[in-house]
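Enquirer: Provided below: work-v8.csv, containing CSV, C-alpha atoms.
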chain,number,residue,atom,x,y,z
A,9,MET,CA,45.2,220.4,-0.6
A,10,LYS,CA,42.9,218.2,1.3
A,11,GLN,CA,42.9,220.7,4.1
A,12,ASN,CA,42.0,223.6,1.8
A,13,GLU,CA,39.1,221.5,0.4
A,14,LYS,CA,37.8,220.9,3.9
A,15,ILE,CA,38.0,224.6,4.6
A,16,ILE,CA,36.1,225.5,1.4
A,17,SER,CA,33.5,222.8,2.1
A,18,ALA,CA,33.0,224.2,5.6
A,19,ILE,CA,32.6,227.7,4.2
A,20,ILE,CA,30.0,226.6,1.6
A,21,ILE,CA,28.0,224.7,4.3
A,22,ALA,CA,28.1,227.7,6.6
A,23,ALA,CA,27.0,230.0,3.8
A,24,GLY,CA,24.2,227.6,3.0
A,25,ILE,CA,23.0,227.5,6.5
A,26,VAL,CA,23.0,231.4,6.7
A,27,VAL,CA,21.0,231.6,3.4
A,28,MET,CA,18.6,228.9,4.6
A,29,GLY,CA,18.1,230.8,7.8
A,30,PHE,CA,17.3,234.1,6.0
A,31,ALA,CA,14.9,232.2,3.7
A,32,LEU,CA,13.2,230.5,6.6
A,33,ARG,CA,12.9,233.8,8.5
A,34,SER,CA,11.6,235.5,5.4
A,35,GLY,CA,9.0,232.7,4.9
A,36,ILE,CA,7.9,233.0,8.5
A,37,VAL,CA,7.5,236.8,8.3
A,38,THR,CA,5.6,236.5,5.0
A,39,PHE,CA,3.3,233.9,6.6
A,40,LYS,CA,2.6,236.1,9.6
A,41,ASP,CA,2.0,239.1,7.3
A,42,MET,CA,-0.5,237.0,5.3
A,43,ASP,CA,-2.3,236.2,8.5
A,44,ARG,CA,-2.7,239.9,9.5
A,45,LYS,CA,-6.2,241.0,8.8
A,46,VAL,CA,-9.0,243.2,10.1
A,47,THR,CA,-12.8,242.6,9.8
A,48,VAL,CA,-15.1,245.6,9.9
A,49,LYS,CA,-18.7,246.4,9.5
A,50,GLY,CA,-20.1,249.3,7.5
A,51,LEU,CA,-23.6,250.7,8.1
A,52,SER,CA,-25.9,252.7,5.8
A,53,GLU,CA,-29.3,254.0,7.0
A,54,ARG,CA,-32.0,256.1,5.3
A,55,GLU,CA,-35.4,257.5,6.4
A,56,VAL,CA,-37.9,257.6,3.6
A,57,LYS,CA,-41.6,258.2,3.1
A,58,ALA,CA,-43.8,255.3,2.3
A,59,ASP,CA,-44.9,255.3,-1.3
A,60,LYS,CA,-47.8,252.9,-1.0
A,61,VAL,CA,-50.7,252.8,1.5
A,62,THR,CA,-53.4,250.2,2.0
A,63,TRP,CA,-56.5,251.5,3.9
A,64,PRO,CA,-59.3,249.0,4.7
A,65,LEU,CA,-62.5,250.8,5.5
A,66,VAL,CA,-64.4,248.4,7.7
A,67,TYR,CA,-67.9,248.8,9.2
A,68,LYS,CA,-70.4,246.3,10.7
A,69,GLU,CA,-74.1,245.9,11.1
A,70,LEU,CA,-76.5,243.9,13.2
A,71,GLY,CA,-79.9,242.6,12.2
A,72,ASN,CA,-82.4,239.8,12.0
A,73,ASP,CA,-83.1,239.8,8.2
A,74,PRO,CA,-80.1,238.9,6.0
A,75,ALA,CA,-81.8,240.1,2.9
A,76,GLU,CA,-82.4,243.6,4.4
A,77,MET,CA,-78.9,243.6,5.8
A,78,TYR,CA,-77.4,243.0,2.3
A,79,LYS,CA,-79.5,245.9,0.9
A,80,LEU,CA,-78.3,248.2,3.7
A,81,LEU,CA,-74.6,247.1,3.2
A,82,GLU,CA,-74.9,247.8,-0.6
A,83,TYR,CA,-76.4,251.2,0.1
A,84,LYS,CA,-73.6,252.1,2.5
A,85,ASN,CA,-70.9,250.8,0.2
A,86,ARG,CA,-72.1,253.2,-2.4
A,87,GLN,CA,-71.9,256.0,0.1
A,88,VAL,CA,-68.4,255.1,1.0
A,89,VAL,CA,-67.2,254.8,-2.6
A,90,ALA,CA,-68.8,258.2,-3.4
A,91,PHE,CA,-67.0,259.7,-0.4
A,92,LEU,CA,-63.7,258.3,-1.7
A,93,LYS,CA,-64.2,259.4,-5.3
A,94,SER,CA,-65.2,262.9,-4.2
A,95,ALA,CA,-61.7,263.2,-2.6
A,96,GLY,CA,-60.0,262.2,-5.8
A,97,ILE,CA,-59.4,258.5,-5.2
A,98,LYS,CA,-59.3,256.6,-8.5
A,99,ASP,CA,-61.6,253.7,-9.4
A,100,ASP,CA,-58.6,251.4,-9.8
A,101,ASP,CA,-57.5,252.2,-6.2
A,102,ILE,CA,-60.8,251.1,-4.7
A,103,SER,CA,-61.7,247.4,-4.1
A,104,VAL,CA,-65.2,246.5,-2.7
A,105,ASN,CA,-65.2,243.1,-1.0
A,106,PRO,CA,-68.4,241.0,-0.8
A,107,PRO,CA,-70.2,241.5,2.5
A,108,VAL,CA,-69.8,238.7,5.1
A,109,ILE,CA,-72.8,237.8,7.3
A,110,THR,CA,-72.5,235.4,10.2
A,111,ASP,CA,-75.2,233.7,12.3
A,112,ARG,CA,-74.5,234.7,15.9
A,113,GLN,CA,-77.1,232.2,17.1
A,114,ALA,CA,-75.2,229.3,15.5
A,115,ASP,CA,-72.0,230.4,17.2
A,116,ASN,CA,-73.7,231.0,20.6
A,117,TYR,CA,-72.3,228.4,22.9
A,118,GLY,CA,-73.2,230.2,26.1
A,119,ASN,CA,-77.0,230.4,25.3
A,120,GLU,CA,-76.7,234.2,25.4
A,121,ILE,CA,-79.9,236.1,24.7
A,122,MET,CA,-79.5,238.1,21.5
A,123,ASN,CA,-81.5,241.0,20.2
A,124,TYR,CA,-79.9,240.6,16.8
A,125,ARG,CA,-79.2,237.2,15.3
A,126,TYR,CA,-77.0,238.2,12.4
A,127,LYS,CA,-73.8,240.2,12.2
A,128,ALA,CA,-72.5,241.6,8.9
A,129,LYS,CA,-69.1,243.1,8.0
A,130,SER,CA,-68.2,245.1,4.9
A,131,VAL,CA,-64.7,245.9,3.8
A,132,ILE,CA,-63.8,248.5,1.1
A,133,THR,CA,-60.0,248.7,0.5
A,134,VAL,CA,-58.1,251.7,-0.8
A,135,THR,CA,-54.7,250.9,-2.3
A,136,SER,CA,-52.9,254.0,-3.5
A,137,SER,CA,-49.4,255.5,-4.2
A,138,ASP,CA,-50.7,258.9,-3.2
A,139,VAL,CA,-50.0,258.5,0.5
A,140,ASP,CA,-50.6,262.1,1.5
A,141,LYS,CA,-54.0,262.2,-0.1
A,142,VAL,CA,-55.1,259.0,1.6
A,143,ARG,CA,-53.8,260.2,5.0
A,144,SER,CA,-55.7,263.5,4.5
A,145,LEU,CA,-58.8,261.5,3.8
A,146,MET,CA,-58.4,259.4,6.9
A,147,ARG,CA,-58.8,262.5,9.0
A,148,ARG,CA,-62.2,263.1,7.4
A,149,GLN,CA,-63.8,259.9,8.6
A,150,SER,CA,-66.2,261.8,10.7
A,151,GLU,CA,-68.0,262.7,7.5
A,152,LEU,CA,-69.0,259.1,7.1
A,153,MET,CA,-70.1,259.0,10.7
A,154,LYS,CA,-72.6,261.7,9.9
A,155,GLN,CA,-74.0,259.4,7.2
A,156,GLY,CA,-74.5,256.6,9.8
A,157,ILE,CA,-71.3,254.7,8.8
A,158,ALA,CA,-69.0,254.0,11.8
A,159,LEU,CA,-65.7,252.6,10.7
A,160,VAL,CA,-64.0,250.2,13.0
A,161,SER,CA,-60.4,249.0,13.3
A,162,GLU,CA,-59.6,245.3,13.8
A,163,GLU,CA,-56.0,245.2,15.1
A,164,TYR,CA,-55.6,241.4,15.0
A,165,SER,CA,-56.8,240.9,11.5
A,166,ASN,CA,-55.9,242.0,8.0
A,167,THR,CA,-58.0,245.1,8.2
A,168,THR,CA,-55.5,247.7,9.5
A,169,VAL,CA,-53.8,250.5,7.7
A,170,SER,CA,-50.4,249.5,6.3
A,171,TYR,CA,-47.7,251.5,4.6
A,172,GLU,CA,-45.0,250.2,2.3
A,173,PHE,CA,-41.9,251.5,0.6
A,174,THR,CA,-41.4,249.9,-2.9
A,175,GLY,CA,-38.5,252.0,-4.2
A,176,LEU,CA,-35.7,250.0,-2.4
A,177,ASN,CA,-34.1,248.8,-5.7
A,178,LYS,CA,-33.5,252.4,-6.8
A,179,ILE,CA,-31.5,253.4,-3.7
A,180,LYS,CA,-29.8,250.0,-3.0
A,181,PRO,CA,-26.6,250.8,-5.0
A,182,GLU,CA,-25.9,254.1,-3.2
A,183,MET,CA,-26.6,252.5,0.2
A,184,ILE,CA,-24.3,249.6,-0.5
A,185,GLU,CA,-21.6,252.1,-1.7
A,186,GLU,CA,-22.0,254.1,1.5
A,187,ALA,CA,-21.8,251.1,3.7
A,188,THR,CA,-18.6,249.9,1.9
A,189,LYS,CA,-17.1,253.4,2.3
A,190,ASN,CA,-17.9,253.4,6.0
A,191,ALA,CA,-16.4,250.0,6.5
A,192,ARG,CA,-13.2,251.1,4.7
A,193,ALA,CA,-13.0,254.2,6.9
A,194,THR,CA,-13.2,252.1,10.0
A,195,ALA,CA,-10.6,249.7,8.7
A,196,GLN,CA,-8.3,252.6,7.8
A,197,LYS,CA,-8.6,254.0,11.3
A,198,PHE,CA,-7.7,250.6,12.7
A,199,ALA,CA,-4.7,250.3,10.4
A,200,ASP,CA,-3.4,253.8,11.3
A,201,ASP,CA,-3.8,253.1,15.1
A,202,SER,CA,-1.9,249.8,14.7
A,203,GLU,CA,0.9,251.5,12.6
A,204,SER,CA,0.0,249.3,9.6
A,205,SER,CA,-1.0,250.0,6.0
A,206,LEU,CA,-4.4,248.8,4.8
A,207,GLY,CA,-4.3,246.2,2.1
A,208,ASP,CA,-6.8,244.7,-0.3
A,209,ILE,CA,-10.2,243.3,0.4
A,210,ARG,CA,-9.9,239.6,1.3
A,211,SER,CA,-13.7,238.9,1.6
A,212,ALA,CA,-16.9,240.8,1.7
A,213,GLN,CA,-20.4,240.0,2.7
A,214,GLN,CA,-23.4,242.2,2.0
A,215,GLY,CA,-26.1,242.1,4.7
A,216,GLN,CA,-29.8,241.9,4.2
A,217,PHE,CA,-31.7,245.2,3.8
A,218,SER,CA,-34.3,245.8,6.5
A,219,ILE,CA,-37.3,248.1,6.3
A,220,GLU,CA,-39.0,249.1,9.5
A,221,ASP,CA,-41.3,251.8,10.8
A,222,ARG,CA,-39.4,254.7,12.2
A,223,ASP,CA,-41.7,254.5,15.3
A,224,SER,CA,-45.2,253.5,16.2
A,225,ASN,CA,-46.6,257.0,15.7
A,226,THR,CA,-45.3,257.5,12.2
A,227,PRO,CA,-45.6,254.2,10.3
A,228,TYR,CA,-45.6,256.1,7.0
A,229,ILE,CA,-41.9,257.0,7.6
A,230,LYS,CA,-39.7,254.0,7.0
A,231,ARG,CA,-36.1,253.3,8.2
A,232,LEU,CA,-33.9,251.4,5.7
A,233,ARG,CA,-30.8,249.7,7.0
A,234,VAL,CA,-28.0,247.5,5.6
A,235,VAL,CA,-24.7,246.4,7.1
A,236,ASN,CA,-21.8,245.1,5.0
A,237,THR,CA,-19.1,243.0,6.6
A,238,ILE,CA,-15.6,243.3,4.9
A,239,GLU,CA,-12.3,241.7,5.7
A,240,TYR,CA,-9.1,243.6,4.8
A,241,SER,CA,-5.5,242.5,4.8
A,242,LEU,CA,-3.0,244.5,6.8
A,243,LYS,CA,0.6,245.2,5.9
In structure tokens, how does this file's structure come out?
Expert:
Amino acid sequence: MKQNEKIISAIIIAAGIVVMGFALRSGIVTFKDMDRKVTVKGLSEREVKADKVTWPLVYKELGNDPAEMYKLLEYKNRQVVAFLKSAGIKDDDISVNPPVITDRQADNYGNEIMNYRYKAKSVITVTSSDVDKVRSLMRRQSELMKQGIALVSEEYSNTTVSYEFTGLNKIKPEMIEEATKNARATAQKFADDSESSLGDIRSAQQGQFSIEDRDSNTPYIKRLRVVNTIEYSLK
């Protein structure tokens, strides 16, 4: 009897060890499966036309009588505004800044001989959503030259033409969706190549949207870009 009990006990212990082994193996495999993942990036890009333009019209004058210079600037300002309105630019889109007159003699540290003591600058700014109309008007600047108004460009100041795209929020959802689809397609290709099946999303990170000029020659064409980073589980 005692011998039979020993045999039964041995069988039970052996069975327990086998079951424990299977359970341990199953746990290890499950753990390894949980650690299987793939991280991919999905890109979405668009090229769009700018929907806002800011055009500063800058011109300068030299003289020795500030009062006369102010009168001349006011007269030319009226000419410039008339030129803009004749092309269909609205009053609300035109901003006339106060003239700025500087004393060149006061800033003359090299004792340079000057024929004109004062320098004046006037800036009239056009801000419009009609980009095509403003760009067309820019090509007619020679008409102002014929009236004695020479527009200048100051690259290192805030008086250069700038273009913006303000409709990002309208196309954000479709770009995010496209980036996510592209990320999933990449993850699916990886899963197929590794003879795995693609699981659920474990984590996702949406990148920042960037808006840049397409190139230096067409600043009115903007390139939009977003990259999503997504981590999938693999089975």
Enquirer: Rank A:Leu242, A:Met183, A:Leu92, A:Ala193 by their smallest atom-to-atom distance to Ser52 of chain A, using only C-alpha atoms, and report the top residue only.
Expert: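 For Ser52 of chain A, the nearest of the given residues is A:Met183.
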Enquirer: Wanna dump the segment 111-188 of chain A-segment 219-233 of chain A contacts at 12 Å for me, each residue with its shortest atom pair and the distance in Å to one decimal, counting all atoms listed in the file, ordered by chain and number, as a Markdown table?
Expert:
| residue | atom | partner | partner_atom | distance |
| --- | --- | --- | --- | --- |
| A:Ser137 | CA | A:Tyr228 | CA | 11.8 |
| A:Asp138 | CA | A:Tyr228 | CA | 11.7 |
| A:Val139 | CA | A:Tyr228 | CA | 8.2 |
| A:Asp140 | CA | A:Tyr228 | CA | 9.6 |
| A:Val142 | CA | A:Tyr228 | CA | 11.3 |
| A:Arg143 | CA | A:Tyr228 | CA | 9.4 |
| A:Thr168 | CA | A:Pro227 | CA | 11.9 |
| A:Val169 | CA | A:Pro227 | CA | 9.4 |
| A:Ser170 | CA | A:Pro227 | CA | 7.8 |
| A:Tyr171 | CA | A:Tyr228 | CA | 5.6 |
| A:Glu172 | CA | A:Tyr228 | CA | 7.6 |
| A:Phe173 | CA | A:Lys230 | CA | 7.2 |
| A:Thr174 | CA | A:Ile219 | CA | 10.2 |
| A:Gly175 | CA | A:Leu232 | CA | 10.9 |
| A:Leu176 | CA | A:Leu232 | CA | 8.4 |
| A:Asn177 | CA | A:Leu232 | CA | 11.7 |
| A:Ile179 | CA | A:Leu232 | CA | 9.9 |
| A:Lys180 | CA | A:Leu232 | CA | 9.7 |
| A:Met183 | CA | A:Arg233 | CA | 8.5 |
| A:Ile184 | CA | A:Arg233 | CA | 9.9 |
| A:Glu186 | CA | A:Arg233 | CA | 11.3 |
| A:Ala187 | CA | A:Arg233 | CA | 9.7 |
Enquirer: Of the candidates A:Gln155, A:Asn105, A:Ser161, A:Ser130, which shows the shortest atom-to-atom distance to Leu70 of chain A, using all atoms listed in the file?
Expert: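 Answer, going by the shortest atom-to-atom distance: A:Ser130.
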Enquirer: Show which residues sit within 8 Å of Val104 of chain A, as a list in words. Count all atoms listed in the file, and ignore same-chain residues fewer than 3 positions away.
Expert: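 The filter keeps Asn85, Val131, Ile132 and Thr133 of chain A.
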Enquirer: Looking at A:Tyr240, A:Glu185, A:Gln213, A:Ile157, which one is nearest to Arg86 of chain A, with distances taken over only C-alpha atoms?
Expert: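 Closest to Arg86 of chain A, using only C-alpha atoms: A:Ile157.
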Enquirer: Which one is closest to Pro106 of chain A: A:Ala75, A:Ala128, A:Val88, A:Ala199? Count all atoms listed in the file.
Expert: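 For Pro106 of chain A, the nearest of the given residues is A:Ala128.
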Enquirer: Please return the centre and edge lengths, in Å to one decimal, of a box with edges along x, y and z that contains all listed atoms of segment 138-148 of chain A, widened by 4 Å on every side, as JSON.
Expert:
{"center_x": -56.1, "center_y": 261.0, "center_z": 2.9, "size_x": 20.2, "size_y": 13.0, "size_z": 20.2}
Enquirer: Would you mind reading off the distance between atom CA of Lys60 of chain A and atom CA of Gln216 of chain A, one decimal, in Å?
Expert: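 Between atom CA of Lys60 of chain A and atom CA of Gln216 of chain A the gap is 21.7 Å.
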Enquirer: Near Lys127 of chain A, counting only C-alpha atoms, which residues have an atom at most 9 Å away, once you skip same-chain residues fewer than 4 positions from it, shown as a PyMOL selection string?
Expert: chain A and resi 68-72+74+77+108-112
Enquirer: Dump C-alpha atoms for the selected residues as a short mmCIF file (atom, residue, chain, number, x, y, z; two decimals), keeping the file's coordinate frame?
Expert:
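Writing done, so here's again_22.cif:
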data_model
loop_
_atom_site.label_atom_id
_atom_site.label_comp_id
_atom_site.auth_asym_id
_atom_site.auth_seq_id
_atom_site.Cartn_x
_atom_site.Cartn_y
_atom_site.Cartn_z
CA LYS A 68 -70.40 246.30 10.70
CA GLU A 69 -74.10 245.90 11.10
CA LEU A 70 -76.50 243.90 13.20
CA GLY A 71 -79.90 242.60 12.20
CA ASN A 72 -82.40 239.80 12.00
CA PRO A 74 -80.10 238.90 6.00
CA MET A 77 -78.90 243.60 5.80
CA VAL A 108 -69.80 238.70 5.10
CA ILE A 109 -72.80 237.80 7.30
CA THR A 110 -72.50 235.40 10.20
CA ASP A 111 -75.20 233.70 12.30
CA ARG A 112 -74.50 234.70 15.90
#
Enquirer: Hey, which of A:Asp101, A:Val66, A:Leu159, A:Pro107 ends up closest to Lys79 of chain A? Count only C-alpha atoms.
Expert: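 That would be A:Pro107, the residue with the smallest distance to Lys79 of chain A.
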Enquirer: Would you mind reading off the distance between atom CA of Leu206 of chain A and atom CA of Ser241 of chain A, one decimal, in Å?
Expert: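 For atom CA of Leu206 of chain A relative to atom CA of Ser241 of chain A, the distance reads 6.4 Å.
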Enquirer: Calculate how many Å separate atom CA of Gln196 of chain A from atom CA of Ser211 of chain A, rounding to one decimal.
Expert: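 Between atom CA of Gln196 of chain A and atom CA of Ser211 of chain A the gap is 16.0 Å.
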Enquirer: Neighbours of Gly50 of chain A within 9 Å (all atoms listed in the file; same-chain residues fewer than 3 positions away dropped), as number ranges by chain?
Expert: A: 186-194, 234-238
Enquirer: Create the file for the chosen residues now, containing C-alpha atoms and written as an mmCIF file, in the coordinates of the input.
Expert:
data_model
loop_
_atom_site.group_PDB
_atom_site.id
_atom_site.type_symbol
_atom_site.label_atom_id
_atom_site.label_comp_id
_atom_site.auth_asym_id
_atom_site.auth_seq_id
_atom_site.Cartn_x
_atom_site.Cartn_y
_atom_site.Cartn_z
ATOM 1 C CA GLU A 186 -22.000 254.100 1.500
ATOM 2 C CA ALA A 187 -21.800 251.100 3.700
ATOM 3 C CA THR A 188 -18.600 249.900 1.900
ATOM 4 C CA LYS A 189 -17.100 253.400 2.300
ATOM 5 C CA ASN A 190 -17.900 253.400 6.000
ATOM 6 C CA ALA A 191 -16.400 250.000 6.500
ATOM 7 C CA ARG A 192 -13.200 251.100 4.700
ATOM 8 C CA ALA A 193 -13.000 254.200 6.900
ATOM 9 C CA THR A 194 -13.200 252.100 10.000
ATOM 10 C CA VAL A 234 -28.000 247.500 5.600
ATOM 11 C CA VAL A 235 -24.700 246.400 7.100
ATOM 12 C CA ASN A 236 -21.800 245.100 5.000
ATOM 13 C CA THR A 237 -19.100 243.000 6.600
ATOM 14 C CA ILE A 238 -15.600 243.300 4.900
#
